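Enquirer: File final_12.txt below, compact mmCIF, C-alpha atoms and all ligand atoms:
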```
# COMPACT_ATOMS: atom_id res chain seq x y z
CA MET V 22 34.46 -15.79 -1.94
CA PRO V 23 30.92 -14.88 -0.88
CA GLU V 24 29.19 -16.79 1.87
CA THR V 25 26.49 -18.84 0.10
CA THR V 26 23.02 -19.76 1.38
CA ARG V 27 20.65 -22.20 -0.32
CA THR V 28 16.93 -21.77 0.25
CA GLN V 29 13.70 -22.55 -1.57
CA VAL V 30 12.47 -19.01 -2.23
CA VAL V 31 14.57 -15.85 -2.48
CA ILE V 32 12.57 -12.71 -1.66
CA VAL V 33 13.90 -9.33 -2.81
CA GLY V 34 12.28 -6.61 -0.68
CA ALA V 35 11.10 -7.13 2.90
CA GLY V 36 8.20 -4.67 2.99
CA PRO V 37 4.64 -5.83 3.74
CA ALA V 38 4.39 -7.92 0.55
CA GLY V 39 7.77 -9.65 0.94
CA LEU V 40 7.44 -10.33 4.67
CA MET V 41 3.86 -11.57 4.39
CA ILE V 42 4.92 -13.96 1.60
CA SER V 43 7.85 -15.14 3.71
CA GLN V 44 5.54 -15.71 6.70
CA MET V 45 2.92 -17.54 4.62
CA LEU V 46 5.56 -19.76 3.01
CA ALA V 47 6.95 -20.66 6.44
CA ASN V 48 3.44 -21.54 7.64
CA ARG V 49 3.20 -23.89 4.65
CA GLY V 50 6.55 -25.55 5.32
CA VAL V 51 8.69 -23.67 2.80
CA ASP V 52 11.97 -21.85 3.56
CA SER V 53 12.82 -18.44 2.26
CA VAL V 54 15.45 -15.75 2.63
CA ALA V 55 14.24 -12.13 2.36
CA ILE V 56 16.60 -9.20 1.85
CA ASP V 57 16.02 -5.45 2.04
CA ILE V 58 18.26 -2.50 1.25
CA ARG V 59 16.81 -0.51 4.15
CA SER V 60 17.44 -1.12 7.83
CA ARG V 61 14.61 -2.41 9.97
CA GLU V 62 14.60 0.89 11.93
CA GLU V 63 14.29 2.92 8.72
CA ILE V 64 11.29 0.92 7.51
CA GLU V 65 9.68 1.06 10.96
CA ASN V 66 9.89 4.83 10.86
CA THR V 67 8.64 5.46 7.31
CA HIS V 68 5.00 6.57 7.56
CA ARG V 69 2.84 5.37 4.71
CA ALA V 70 -0.57 3.69 4.56
CA GLY V 71 -3.06 3.61 7.42
CA ILE V 72 -6.21 1.74 6.41
CA LEU V 73 -6.49 -2.04 6.23
CA GLU V 74 -9.54 -3.80 4.89
CA ALA V 75 -11.03 -6.48 7.16
CA GLN V 76 -9.63 -9.26 4.98
CA ALA V 77 -6.13 -7.85 5.35
CA VAL V 78 -6.27 -7.79 9.15
CA GLN V 79 -7.75 -11.28 9.00
CA MET V 80 -4.50 -12.36 7.34
CA LEU V 81 -2.58 -11.12 10.38
CA ASP V 82 -4.68 -13.50 12.47
CA ASP V 83 -4.78 -16.41 10.02
CA GLU V 84 -1.04 -16.38 9.40
CA LYS V 85 -0.23 -16.05 13.12
CA VAL V 86 1.47 -12.70 12.63
CA SER V 87 -0.07 -10.76 15.52
CA ASP V 88 -3.42 -9.71 16.93
CA ARG V 89 -2.03 -6.40 18.16
CA TYR V 90 -4.30 -4.56 15.69
CA ARG V 91 -7.26 -5.51 17.90
CA THR V 92 -5.93 -3.53 20.86
CA GLU V 93 -3.89 -0.82 19.13
CA GLY V 94 -5.90 -0.32 15.93
CA TYR V 95 -9.27 1.33 15.47
CA GLU V 96 -12.16 -0.36 13.72
CA HIS V 97 -14.02 2.08 11.45
CA GLU V 98 -17.55 1.34 10.38
CA GLY V 99 -17.59 4.12 7.81
CA THR V 100 -15.92 7.19 6.40
CA ASP V 101 -16.92 10.78 5.79
CA ILE V 102 -16.94 12.35 2.34
CA ARG V 103 -17.21 16.08 2.94
CA VAL V 104 -18.27 18.15 -0.07
CA ASN V 105 -17.94 21.91 0.27
CA GLY V 106 -18.21 21.61 4.04
CA VAL V 107 -21.18 19.23 4.07
CA SER V 108 -20.57 15.78 5.54
CA ASN V 109 -21.82 12.61 3.89
CA ARG V 110 -21.14 9.53 5.95
CA ILE V 111 -20.67 6.28 4.06
CA ASN V 112 -21.73 3.61 6.51
CA PHE V 113 -19.84 0.48 5.41
CA LYS V 114 -21.37 -1.67 8.10
CA GLU V 115 -24.92 -0.79 7.15
CA LEU V 116 -24.37 -0.81 3.38
CA VAL V 117 -22.18 -3.90 2.90
CA GLY V 118 -21.75 -5.41 6.37
CA ALA V 119 -18.02 -4.63 6.43
CA THR V 120 -15.58 -2.51 8.43
CA VAL V 121 -12.00 -1.31 7.90
CA TRP V 122 -9.18 -0.89 10.43
CA LEU V 123 -7.02 2.12 11.06
CA TYR V 124 -3.75 0.30 11.69
CA PRO V 125 -0.64 1.97 10.28
CA GLN V 126 1.68 0.27 7.81
CA THR V 127 4.54 0.84 10.27
CA ASP V 128 2.73 -1.42 12.76
CA VAL V 129 1.95 -4.02 10.09
CA PHE V 130 5.66 -4.06 9.27
CA ILE V 131 6.70 -4.32 12.93
CA ASP V 132 4.27 -7.22 13.45
CA LEU V 133 5.54 -9.04 10.36
CA ALA V 134 9.23 -8.47 11.16
CA ASN V 135 8.66 -9.65 14.77
CA ALA V 136 6.77 -12.72 13.56
CA ARG V 137 9.57 -13.68 11.17
CA GLU V 138 12.12 -13.24 13.95
CA ARG V 139 9.97 -15.19 16.45
CA ASP V 140 9.55 -18.07 13.97
CA GLY V 141 13.24 -18.21 13.04
CA GLY V 142 12.81 -16.63 9.60
CA ASP V 143 15.85 -15.45 7.65
CA VAL V 144 15.42 -11.74 6.88
CA ARG V 145 18.46 -9.61 6.13
CA PHE V 146 17.91 -5.87 6.47
CA GLY V 147 20.31 -3.10 5.52
CA VAL V 148 21.98 -4.93 2.63
CA SER V 149 23.58 -3.15 -0.33
CA ASP V 150 24.81 -3.73 -3.86
CA VAL V 151 21.97 -6.16 -4.67
CA LYS V 152 22.33 -8.04 -7.97
CA VAL V 153 19.98 -10.70 -9.28
CA LEU V 154 21.82 -13.79 -10.54
CA ASP V 155 20.84 -16.25 -13.25
CA GLU V 156 17.17 -15.24 -13.26
CA TYR V 157 16.26 -17.61 -16.10
CA SER V 158 18.03 -20.63 -14.61
CA ASP V 159 16.62 -23.29 -12.26
CA THR V 160 18.43 -21.64 -9.34
CA PRO V 161 17.86 -17.88 -9.48
CA GLY V 162 19.48 -15.90 -6.71
CA VAL V 163 20.93 -12.66 -5.44
CA SER V 164 24.31 -11.40 -4.46
CA PHE V 165 24.65 -8.53 -2.00
CA VAL V 166 26.75 -7.04 0.75
CA ASP V 167 25.18 -7.63 4.16
CA ALA V 168 24.81 -5.05 6.92
CA ASP V 169 28.22 -6.10 8.36
CA GLY V 170 29.97 -5.59 5.02
CA ASN V 171 30.27 -9.28 4.09
CA GLN V 172 29.69 -10.45 0.52
CA GLN V 173 26.73 -12.87 0.37
CA GLU V 174 25.01 -15.01 -2.23
CA VAL V 175 21.58 -16.65 -1.82
CA ARG V 176 20.18 -19.18 -4.29
CA GLY V 177 16.67 -20.63 -4.46
CA ASP V 178 14.27 -22.48 -6.72
CA PHE V 179 12.09 -19.37 -7.10
CA LEU V 180 12.62 -15.63 -6.75
CA VAL V 181 9.97 -13.13 -5.61
CA GLY V 182 10.40 -9.49 -6.59
CA SER V 183 8.60 -7.55 -3.86
CA ASP V 184 10.97 -4.60 -4.01
CA GLY V 185 8.46 -1.78 -4.17
CA SER V 186 7.75 0.99 -6.63
CA ARG V 187 11.41 1.42 -7.65
CA SER V 188 11.71 -2.29 -8.34
CA ILE V 189 14.73 -3.72 -10.07
CA CYS V 190 12.99 -7.10 -10.30
CA ARG V 191 10.24 -5.92 -12.62
CA PHE V 192 12.90 -5.58 -15.31
CA LEU V 193 13.66 -9.31 -15.04
CA ILE V 194 10.48 -9.97 -17.02
CA PRO V 195 11.82 -10.09 -20.59
CA GLU V 196 11.28 -6.82 -22.42
CA GLU V 197 9.64 -8.38 -25.47
CA GLY V 198 6.67 -9.64 -23.43
CA ARG V 199 6.58 -6.82 -20.88
CA HIS V 200 3.78 -4.24 -20.81
CA GLN V 201 3.88 -1.23 -18.52
CA TYR V 202 0.65 0.75 -18.11
CA PHE V 203 1.21 4.15 -16.58
CA ARG V 204 -0.62 7.36 -15.67
CA GLU V 205 0.64 10.45 -13.89
CA TYR V 206 -1.66 13.04 -12.29
CA PRO V 207 -1.10 16.80 -12.32
CA PHE V 208 -1.28 17.06 -8.54
CA ALA V 209 0.26 15.56 -5.41
CA TRP V 210 -0.50 15.24 -1.70
CA PHE V 211 1.46 17.16 0.86
CA GLY V 212 1.40 14.94 3.94
CA ILE V 213 2.00 15.94 7.53
CA MET V 214 2.32 14.08 10.81
CA CYS V 215 1.43 16.11 13.87
CA GLU V 216 1.00 15.83 17.61
CA ALA V 217 -2.66 16.60 18.16
CA PRO V 218 -5.81 14.90 19.40
CA MET V 219 -8.12 13.23 16.88
CA SER V 220 -10.45 15.69 15.16
CA TYR V 221 -12.89 12.97 14.18
CA ASP V 222 -13.12 9.23 14.80
CA GLU V 223 -13.13 8.18 11.12
CA LEU V 224 -11.30 9.43 8.02
CA ILE V 225 -12.59 12.61 6.37
CA TYR V 226 -12.14 12.94 2.61
CA ALA V 227 -12.86 16.64 2.02
CA THR V 228 -13.29 18.18 -1.39
CA SER V 229 -14.04 21.85 -2.01
CA ALA V 230 -13.38 24.55 -4.56
CA LYS V 231 -10.07 25.10 -2.74
CA GLY V 232 -8.96 21.51 -3.38
CA PHE V 233 -8.83 18.22 -1.52
CA ALA V 234 -7.82 17.39 2.05
CA LEU V 235 -7.68 14.08 3.92
CA ILE V 236 -7.91 13.97 7.69
CA SER V 237 -6.62 10.67 8.97
CA GLN V 238 -5.31 9.48 12.31
CA ARG V 239 -2.55 7.34 13.75
CA THR V 240 -3.10 7.29 17.54
CA GLU V 241 -4.97 9.30 20.17
CA SER V 242 -2.18 11.88 20.08
CA VAL V 243 -0.59 11.58 16.59
CA GLN V 244 -2.46 12.46 13.42
CA ARG V 245 -1.83 12.11 9.67
CA MET V 246 -3.27 14.65 7.22
CA TYR V 247 -2.84 15.50 3.55
CA LEU V 248 -3.49 18.51 1.35
CA GLN V 249 -3.83 18.37 -2.43
CA CYS V 250 -1.08 20.51 -3.95
CA ASN V 251 0.79 21.14 -7.14
CA PRO V 252 3.80 18.75 -7.36
CA SER V 253 6.07 21.78 -7.83
CA ASP V 254 4.67 23.73 -4.83
CA ASP V 255 7.26 24.38 -2.17
CA MET V 256 5.01 23.53 0.76
CA HIS V 257 7.96 22.54 2.91
CA SER V 258 8.51 26.27 3.42
CA TRP V 259 4.94 26.95 4.55
CA SER V 260 4.60 27.93 8.20
CA GLU V 261 2.50 25.76 10.49
CA ASP V 262 -0.10 28.56 10.67
CA GLN V 263 -0.34 28.69 6.88
CA LEU V 264 -0.80 24.93 6.67
CA TRP V 265 -3.46 24.84 9.38
CA SER V 266 -5.46 27.66 7.86
CA GLU V 267 -5.35 25.90 4.47
CA PHE V 268 -6.59 22.66 6.05
CA GLN V 269 -9.34 24.51 7.92
CA ALA V 270 -10.45 26.37 4.76
CA ARG V 271 -10.92 23.07 2.92
CA LEU V 272 -13.04 21.67 5.76
CA GLU V 273 -15.06 24.79 6.65
CA GLY V 274 -18.81 24.20 6.68
CA PRO V 275 -22.15 25.11 8.19
CA ASP V 276 -21.64 22.54 10.97
CA GLY V 277 -18.74 24.66 12.31
CA PHE V 278 -16.21 21.78 12.12
CA GLN V 279 -12.91 22.79 13.73
CA LEU V 280 -9.73 20.85 13.10
CA LYS V 281 -7.64 20.06 16.19
CA THR V 282 -4.07 21.15 15.52
CA GLY V 283 -0.64 20.69 17.09
CA PRO V 284 3.09 20.69 16.32
CA ILE V 285 3.92 19.24 12.89
CA PHE V 286 6.87 16.84 13.04
CA GLU V 287 7.01 15.41 9.51
CA ARG V 288 6.30 16.75 6.03
CA THR V 289 6.30 14.68 2.82
CA LEU V 290 5.32 15.22 -0.79
CA LEU V 291 3.52 12.26 -2.33
CA PRO V 292 3.29 12.30 -6.15
CA PHE V 293 0.28 10.55 -7.71
CA ARG V 294 0.87 7.69 -10.11
CA SER V 295 -1.00 4.69 -11.41
CA PHE V 296 1.09 1.84 -12.75
CA VAL V 297 0.68 -1.83 -13.65
CA GLN V 298 3.20 -4.17 -15.18
CA GLU V 299 2.12 -7.34 -16.91
CA PRO V 300 2.95 -10.15 -16.78
CA MET V 301 3.69 -10.62 -13.09
CA GLN V 302 5.47 -13.93 -13.62
CA HIS V 303 8.12 -15.30 -15.92
CA GLY V 304 9.27 -18.83 -15.20
CA ARG V 305 10.66 -18.90 -11.66
CA ILE V 306 10.42 -15.14 -11.18
CA VAL V 307 7.24 -13.64 -9.68
CA LEU V 308 6.37 -10.06 -8.77
CA ALA V 309 4.15 -8.93 -5.90
CA GLY V 310 3.00 -5.62 -4.40
CA ASP V 311 4.23 -2.22 -5.55
CA ALA V 312 6.91 -3.88 -7.68
CA ALA V 313 4.12 -4.80 -10.10
CA HIS V 314 1.62 -2.00 -9.51
CA THR V 315 1.07 1.29 -7.73
CA VAL V 316 -2.09 3.30 -7.15
CA PRO V 317 -2.65 6.85 -6.00
CA PRO V 318 -3.46 6.74 -2.26
CA THR V 319 -7.07 8.01 -2.56
CA GLY V 320 -9.07 4.91 -1.75
CA ALA V 321 -6.39 3.29 0.45
CA ARG V 322 -5.69 0.35 -1.85
CA GLY V 323 -1.86 0.14 -2.07
CA LEU V 324 -1.07 -1.78 1.10
CA ASN V 325 -4.22 -3.86 0.80
CA LEU V 326 -3.25 -4.87 -2.73
CA ALA V 327 0.25 -5.85 -1.61
CA LEU V 328 -1.32 -8.19 0.95
CA SER V 329 -3.90 -9.58 -1.48
CA ASP V 330 -1.05 -10.40 -3.89
CA ALA V 331 0.57 -12.34 -1.05
CA ARG V 332 -2.70 -14.19 -0.54
CA ALA V 333 -2.96 -15.02 -4.26
CA LEU V 334 0.67 -16.12 -4.46
CA ALA V 335 1.72 -17.86 -1.25
CA THR V 336 -0.18 -21.14 -1.41
CA ARG V 337 0.64 -21.59 -5.10
CA LEU V 338 4.29 -20.74 -4.50
CA ALA V 339 4.50 -23.14 -1.57
CA GLU V 340 3.15 -25.93 -3.78
CA ALA V 341 5.53 -24.95 -6.58
CA ALA V 342 8.50 -24.94 -4.20
CA LYS V 343 7.63 -28.29 -2.61
CA ALA V 344 7.24 -29.98 -5.99
CA ASN V 345 9.89 -27.82 -7.69
CA ASP V 346 7.26 -27.36 -10.40
CA VAL V 347 6.72 -23.97 -12.07
CA SER V 348 3.27 -24.95 -13.36
CA LYS V 349 1.93 -24.80 -9.78
CA LEU V 350 2.14 -21.02 -10.08
CA ASP V 351 -0.57 -21.07 -12.75
CA GLY V 352 -3.50 -18.87 -11.86
CA TYR V 353 -1.49 -16.47 -9.67
CA GLN V 354 -1.42 -13.51 -11.95
CA GLU V 355 -4.97 -14.02 -13.25
CA ALA V 356 -6.30 -13.87 -9.67
CA ALA V 357 -4.04 -11.00 -8.66
CA LEU V 358 -4.57 -8.92 -11.80
CA LYS V 359 -8.34 -9.10 -11.59
CA ARG V 360 -8.21 -7.35 -8.23
CA ILE V 361 -5.37 -5.06 -9.26
CA TRP V 362 -7.30 -3.63 -12.22
CA ARG V 363 -10.45 -3.19 -10.13
CA ALA V 364 -8.38 -1.34 -7.54
CA GLN V 365 -6.74 0.71 -10.30
CA ASN V 366 -10.18 1.75 -11.46
CA PHE V 367 -11.41 2.52 -7.94
CA SER V 368 -8.32 4.57 -7.05
CA TYR V 369 -8.49 6.48 -10.34
CA TRP V 370 -12.22 7.13 -9.87
CA MET V 371 -11.88 8.34 -6.26
CA THR V 372 -8.91 10.47 -7.23
CA THR V 373 -10.54 12.23 -10.18
CA MET V 374 -13.88 12.63 -8.37
CA LEU V 375 -12.38 14.22 -5.26
CA HIS V 376 -9.56 16.39 -6.67
CA SER V 377 -9.75 19.54 -8.73
CA LEU V 378 -7.57 19.48 -11.80
CA PRO V 379 -5.30 22.53 -12.22
CA ASP V 380 -7.20 23.51 -15.38
CA GLU V 381 -10.65 22.69 -14.01
CA ASN V 382 -13.18 25.12 -15.53
CA PRO V 383 -16.61 25.93 -14.06
CA TYR V 384 -18.21 23.25 -16.23
CA ASP V 385 -15.76 20.58 -15.00
CA TYR V 386 -16.32 21.64 -11.39
CA LYS V 387 -20.12 21.49 -11.69
CA ARG V 388 -19.93 18.12 -13.45
CA ARG V 389 -17.77 16.78 -10.63
CA LEU V 390 -20.33 17.97 -8.07
CA GLY V 391 -22.99 16.18 -10.14
CA GLU V 392 -20.96 12.99 -9.98
CA LEU V 393 -20.52 13.34 -6.22
CA GLU V 394 -24.26 13.91 -5.80
CA MET V 395 -24.97 10.83 -7.90
CA VAL V 396 -22.71 8.70 -5.68
CA LEU V 397 -23.42 10.16 -2.26
CA GLY V 398 -27.10 10.92 -2.75
CA HIS V 399 -28.10 7.39 -3.73
CA LYS V 400 -27.87 4.11 -1.91
CA SER V 401 -26.53 2.34 -5.02
CA GLY V 402 -23.69 4.88 -5.29
CA ARG V 403 -22.82 4.71 -1.60
CA THR V 404 -22.91 0.90 -1.73
CA HIS V 405 -20.55 0.83 -4.73
CA LEU V 406 -18.08 3.04 -2.85
CA ALA V 407 -18.43 1.07 0.39
CA GLU V 408 -17.85 -2.28 -1.35
CA ALA V 409 -14.67 -1.10 -3.05
CA TYR V 410 -13.26 0.79 -0.07
CA SER V 411 -13.83 -1.99 2.44
CA GLY V 412 -12.46 -4.65 0.06
CA TRP V 413 -14.18 -6.98 -2.38
CA PRO V 414 -14.81 -10.52 -1.12
CA ASN V 415 -11.80 -12.75 -1.84
CA GLU V 416 -13.97 -15.38 -3.50
CA GLU V 417 -14.96 -12.91 -6.24
CA ASP V 418 -11.36 -12.77 -7.45
CA GLY V 419 -10.46 -16.37 -6.80
CA LEU V 420 -8.14 -15.33 -3.95
C1 LIG I 1 4.70 8.26 1.23
C2 LIG I 1 3.73 7.14 0.91
C3 LIG I 1 2.43 7.17 1.45
C4 LIG I 1 1.54 6.15 1.17
N1 LIG I 1 0.28 6.22 1.69
C5 LIG I 1 -0.59 5.22 1.43
C6 LIG I 1 -1.89 5.24 1.95
O1 LIG I 1 -2.29 6.17 2.66
N2 LIG I 1 -2.72 4.19 1.67
C7 LIG I 1 -2.31 3.11 0.90
O2 LIG I 1 -3.06 2.16 0.71
N3 LIG I 1 -1.09 3.09 0.39
C8 LIG I 1 -0.23 4.09 0.64
N4 LIG I 1 1.02 4.04 0.12
C9 LIG I 1 1.34 2.87 -0.65
C10 LIG I 1 1.76 1.72 0.25
O3 LIG I 1 2.65 2.19 1.24
C11 LIG I 1 2.39 0.65 -0.62
O4 LIG I 1 1.41 0.21 -1.55
C12 LIG I 1 2.94 -0.54 0.16
O5 LIG I 1 4.08 -0.15 0.90
C13 LIG I 1 3.34 -1.67 -0.80
O6 LIG I 1 4.03 -2.67 -0.10
P1 LIG I 1 5.24 -3.45 -0.82
O7 LIG I 1 5.73 -4.43 0.17
O8 LIG I 1 4.78 -3.93 -2.14
O9 LIG I 1 6.32 -2.34 -1.13
P2 LIG I 1 7.22 -1.51 -0.11
O10 LIG I 1 6.52 -1.24 1.15
O11 LIG I 1 7.75 -0.35 -0.88
O12 LIG I 1 8.41 -2.52 0.22
C14 LIG I 1 9.42 -2.80 -0.72
C15 LIG I 1 10.71 -3.01 0.01
O13 LIG I 1 11.70 -3.37 -0.95
C16 LIG I 1 12.93 -2.76 -0.58
N5 LIG I 1 13.78 -2.69 -1.77
C17 LIG I 1 13.70 -1.81 -2.80
N6 LIG I 1 14.65 -2.09 -3.71
C18 LIG I 1 15.33 -3.17 -3.26
C19 LIG I 1 16.43 -3.92 -3.75
N7 LIG I 1 17.01 -3.62 -4.91
N8 LIG I 1 16.87 -4.96 -3.03
C20 LIG I 1 16.29 -5.28 -1.84
N9 LIG I 1 15.26 -4.59 -1.32
C21 LIG I 1 14.77 -3.56 -2.02
C22 LIG I 1 12.52 -1.42 0.00
O14 LIG I 1 13.50 -0.93 0.88
C23 LIG I 1 11.21 -1.76 0.70
O15 LIG I 1 11.37 -1.99 2.08
C24 LIG I 1 1.92 5.07 0.36
C25 LIG I 1 3.19 5.03 -0.20
C26 LIG I 1 4.10 6.06 0.06
C27 LIG I 1 5.47 6.02 -0.56
```
Go through the file and emit its structure as structure tokens.
Expert:
Amino acid sequence: MPETTRTQVVIVGAGPAGLMISQMLANRGVDSVAIDIRSREEIENTHRAGILEAQAVQMLDDEKVSDRYRTEGYEHEGTDIRVNGVSNRINFKELVGATVWLYPQTDVFIDLANARERDGGDVRFGVSDVKVLDEYSDTPGVSFVDADGNQQEVRGDFLVGSDGSRSICRFLIPEEGRHQYFREYPFAWFGIMCEAPMSYDELIYATSAKGFALISQRTESVQRMYLQCNPSDDMHSWSEDQLWSEFQARLEGPDGFQLKTGPIFERTLLPFRSFVQEPMQHGRIVLAGDAAHTVPPTGARGLNLALSDARALATRLAEAAKANDVSKLDGYQEAALKRIWRAQNFSYWMTTMLHSLPDENPYDYKRRLGELEMVLGHKSGRTHLAEAYSGWPNEEDGL
């Protein structure tokens, strides 16, 4: 017989969305159990997003997660869009009075996992054989094998599917009412982590006839960078010298910019996809984060959206759980989806504006430069970009 636990909210997936929801529920007096198929160490060591909008870091403060970002993160007042070697700084602070924070997803996760542990939260990492039970009943739940090999069952009044882009929970929304909107892109990012000093103190989004490159950072001595590539390119076999000369070629310009390089210790291929599933709720089942939507990383929206879903959901879910009343969830998906589709548009726009398509002809290339000039050369264009990148005000989306 499995060991059985009764809680108010079962959370499948303990990434940023799941843990933030768990933390916010606890702060509102509601119990939850979160489970994750990966170990805590594995999640802590998976490098993903790096940029948090100010409203996302504010959640770390407001929900008493941690203020470590203030000492270990870096506040950026702008970003650089470099077109054929010419820098165009977008000054967020000046244009829209906002900043963003370079604070890696790994640290957000560590802060959330520590906060749940500190506050006595029930989070089970490293589980296997997860099955959702009775999803359309009044007591949905999960069965799984815990990290020690024991069979477990957890039942709640509500179930949150925050199980990422390979979600099993999204398929709990009945097929007849389920819509999946999907786009794939004919390119990918080849990401590296390296031991090197920072080359610049803000992110550089570089586009040139040779393709796109992103220069990002992690710490004073560890840097994150990406090169646009063909998804079928075998860039894992490229030598470090080849990779560095490709990066440098995409950044080369009249200002003589020189990338600071160092030993590469991680290489990853990141395919580009846009995806939204609607609806995000069916009865007592709700979806949040990548389980319901993914964006290509240009524009740094993925992690921010996962946290804004948590913001849209948690208070409603806490009310629903306290009253055991599904109708208290009303308004969640309307608020979340408004922002999700804006972010879909922004990520798509940034992606297509900054990357060369494999079949880009001279007309397409010139048109793209015209678009970049229209955005970067005018205050209205720069303001539009700054507003979206630094995060729209919560009030606009009813969050
Ligand atoms: C390589 C990579 C690089 C990225 N870079 C950026 C970036 O630069 N900027 C940006 O904004 N975004 C980026 N993203 C996207 C960003 O990381 C995600 O949007 C963010 O992680 C979403 O958080 P989440 O909690 O919804 O999902 P996740 O972080 O994916 O968390 C979901 C969790 O659910 C668990 N899980 C999965 N299936 C099950 C199951 N059946 N049962 C239990 N648990 C399960 C997983 O182990 C995982 O821990 C990147 C993503 C990847 C993959």
Enquirer: Could the residues that lie within 6 Å of ligand LIG 1 (chain I), counting only C-alpha atoms and all ligand atoms, be listed as a PyMOL selection string?
Expert: chain V and resi 33-39+56-59+69-71+151+183-186+188-189+291+310-312+318+321-324+327
Enquirer: Report the distance between CA of Leu328 in chain V and CA of Gln298 in chain V in Å, rounded to one decimal place.
Expert: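 Computing the Euclidean distance for CA of Leu328 in chain V and CA of Gln298 in chain V yields 17.2 Å.
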Enquirer: If I take CA of Glu287 in chain V and CA of Ala217 in chain V, how far is one from the other in Å, to one decimal?
Expert: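 Answer for the CA of Glu287 in chain V to CA of Ala217 in chain V separation: 13.0 Å.
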Enquirer: If we draw a sphere of 12 Å around (8.8, 5.7, 7.8), which residues have at least one atom in it when counting all atoms listed in the file? Please report them as a list of chain:residue names.
Expert: V:Gly36, V:Arg59, V:Ser60, V:Arg61, V:Glu62, V:Glu63, V:Ile64, V:Glu65, V:Asn66, V:Thr67, V:His68, V:Arg69, V:Ala70, V:Pro125, V:Gln126, V:Thr127, V:Asp128, V:Phe130, V:Ile131, V:Met214, V:Glu287, V:Arg288, V:Thr289
Enquirer: So which residues touch Ser87 in chain V within 9 Å, counting all atoms listed in the file, skipping near sequence neighbours fewer than 6 positions away, as an MDAnalysis selection string?
Expert: chainID V and resid 81 129 132:133 135:136
Enquirer: The residues within 9 Å of (2.2, -19.7, -2.4), using only C-alpha atoms and the coordinates of the file, should be reported as a PDB file with C-alpha atoms, in the coordinates of the input; which are they?
Expert:
```pdb
ATOM      1  CA  ILE V  42       4.920 -13.960   1.600  1.00  0.00           C
ATOM      2  CA  MET V  45       2.920 -17.540   4.620  1.00  0.00           C
ATOM      3  CA  LEU V  46       5.560 -19.760   3.010  1.00  0.00           C
ATOM      4  CA  ARG V  49       3.200 -23.890   4.650  1.00  0.00           C
ATOM      5  CA  ALA V 331       0.570 -12.340  -1.050  1.00  0.00           C
ATOM      6  CA  ARG V 332      -2.700 -14.190  -0.540  1.00  0.00           C
ATOM      7  CA  ALA V 333      -2.960 -15.020  -4.260  1.00  0.00           C
ATOM      8  CA  LEU V 334       0.670 -16.120  -4.460  1.00  0.00           C
ATOM      9  CA  ALA V 335       1.720 -17.860  -1.250  1.00  0.00           C
ATOM     10  CA  THR V 336      -0.180 -21.140  -1.410  1.00  0.00           C
ATOM     11  CA  ARG V 337       0.640 -21.590  -5.100  1.00  0.00           C
ATOM     12  CA  LEU V 338       4.290 -20.740  -4.500  1.00  0.00           C
ATOM     13  CA  ALA V 339       4.500 -23.140  -1.570  1.00  0.00           C
ATOM     14  CA  GLU V 340       3.150 -25.930  -3.780  1.00  0.00           C
ATOM     15  CA  ALA V 341       5.530 -24.950  -6.580  1.00  0.00           C
ATOM     16  CA  ALA V 342       8.500 -24.940  -4.200  1.00  0.00           C
ATOM     17  CA  LYS V 349       1.930 -24.800  -9.780  1.00  0.00           C
ATOM     18  CA  LEU V 350       2.140 -21.020 -10.080  1.00  0.00           C
ATOM     19  CA  TYR V 353      -1.490 -16.470  -9.670  1.00  0.00           C
TER      20      TYR V 353
END
```
Enquirer: In terms of the shortest atom-to-atom distance over all atoms listed in the file, which of V:Pro252, V:Ile361, V:Thr120, V:Lys343 is closest to Gln76 in chain V?
Expert: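 Of V:Pro252, V:Ile361, V:Thr120, V:Lys343, the one nearest Gln76 in chain V is V:Thr120, counting all atoms listed in the file.
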Enquirer: Considering all atoms listed in the file, tabulate each residue of range 121-212 of chain V that lies at most 10 Å from range 254-258 of chain V along with its nearest interatomic pair and the corresponding distance in Å to one decimal; arrange the rows by chain and ascending residue number and present them as a tab-separated table.
Expert:
```
residue	atom	partner	partner_atom	distance
V:Phe208	CA	V:Asp254	CA	9.7
V:Ala209	CA	V:Asp254	CA	9.3
V:Phe211	CA	V:Met256	CA	7.3
V:Gly212	CA	V:Met256	CA	9.8
```
Enquirer: Mind pulling up the distance from CA of Phe367 in chain V to CA of Leu290 in chain V?
Expert: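 That distance, rounded to one decimal, is 22.2 Å.
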Enquirer: Return the single residue from V:Glu392, V:Gln249, V:Ala230, V:Val54 that is closest to Phe146 in chain V, with distances computed using all atoms listed in the file.
Expert: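 Counting all atoms listed in the file, the residue closest to Phe146 in chain V is V:Val54.
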Enquirer: Restricting the calculation to all atoms listed in the file, which member of V:Gly283, V:Asp155, V:Phe233, V:Cys190 is positioned closest to Ile213 in chain V?
Expert: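 Selected residue with least distance to Ile213 in chain V: V:Gly283.
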Enquirer: Show me, as a PDB file with C-alpha atoms, in the coordinates of the input, the residues that have an atom within 6 Å of Ile236 in chain V when counting only C-alpha atoms, minus same-chain residues fewer than 5 positions from it.
Expert:
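Output below, filename around11.pdb:
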```
ATOM      1  CA  LEU V 224     -11.300   9.430   8.020  1.00  0.00           C
ATOM      2  CA  ILE V 225     -12.590  12.610   6.370  1.00  0.00           C
ATOM      3  CA  MET V 246      -3.270  14.650   7.220  1.00  0.00           C
TER       4      MET V 246
END
```
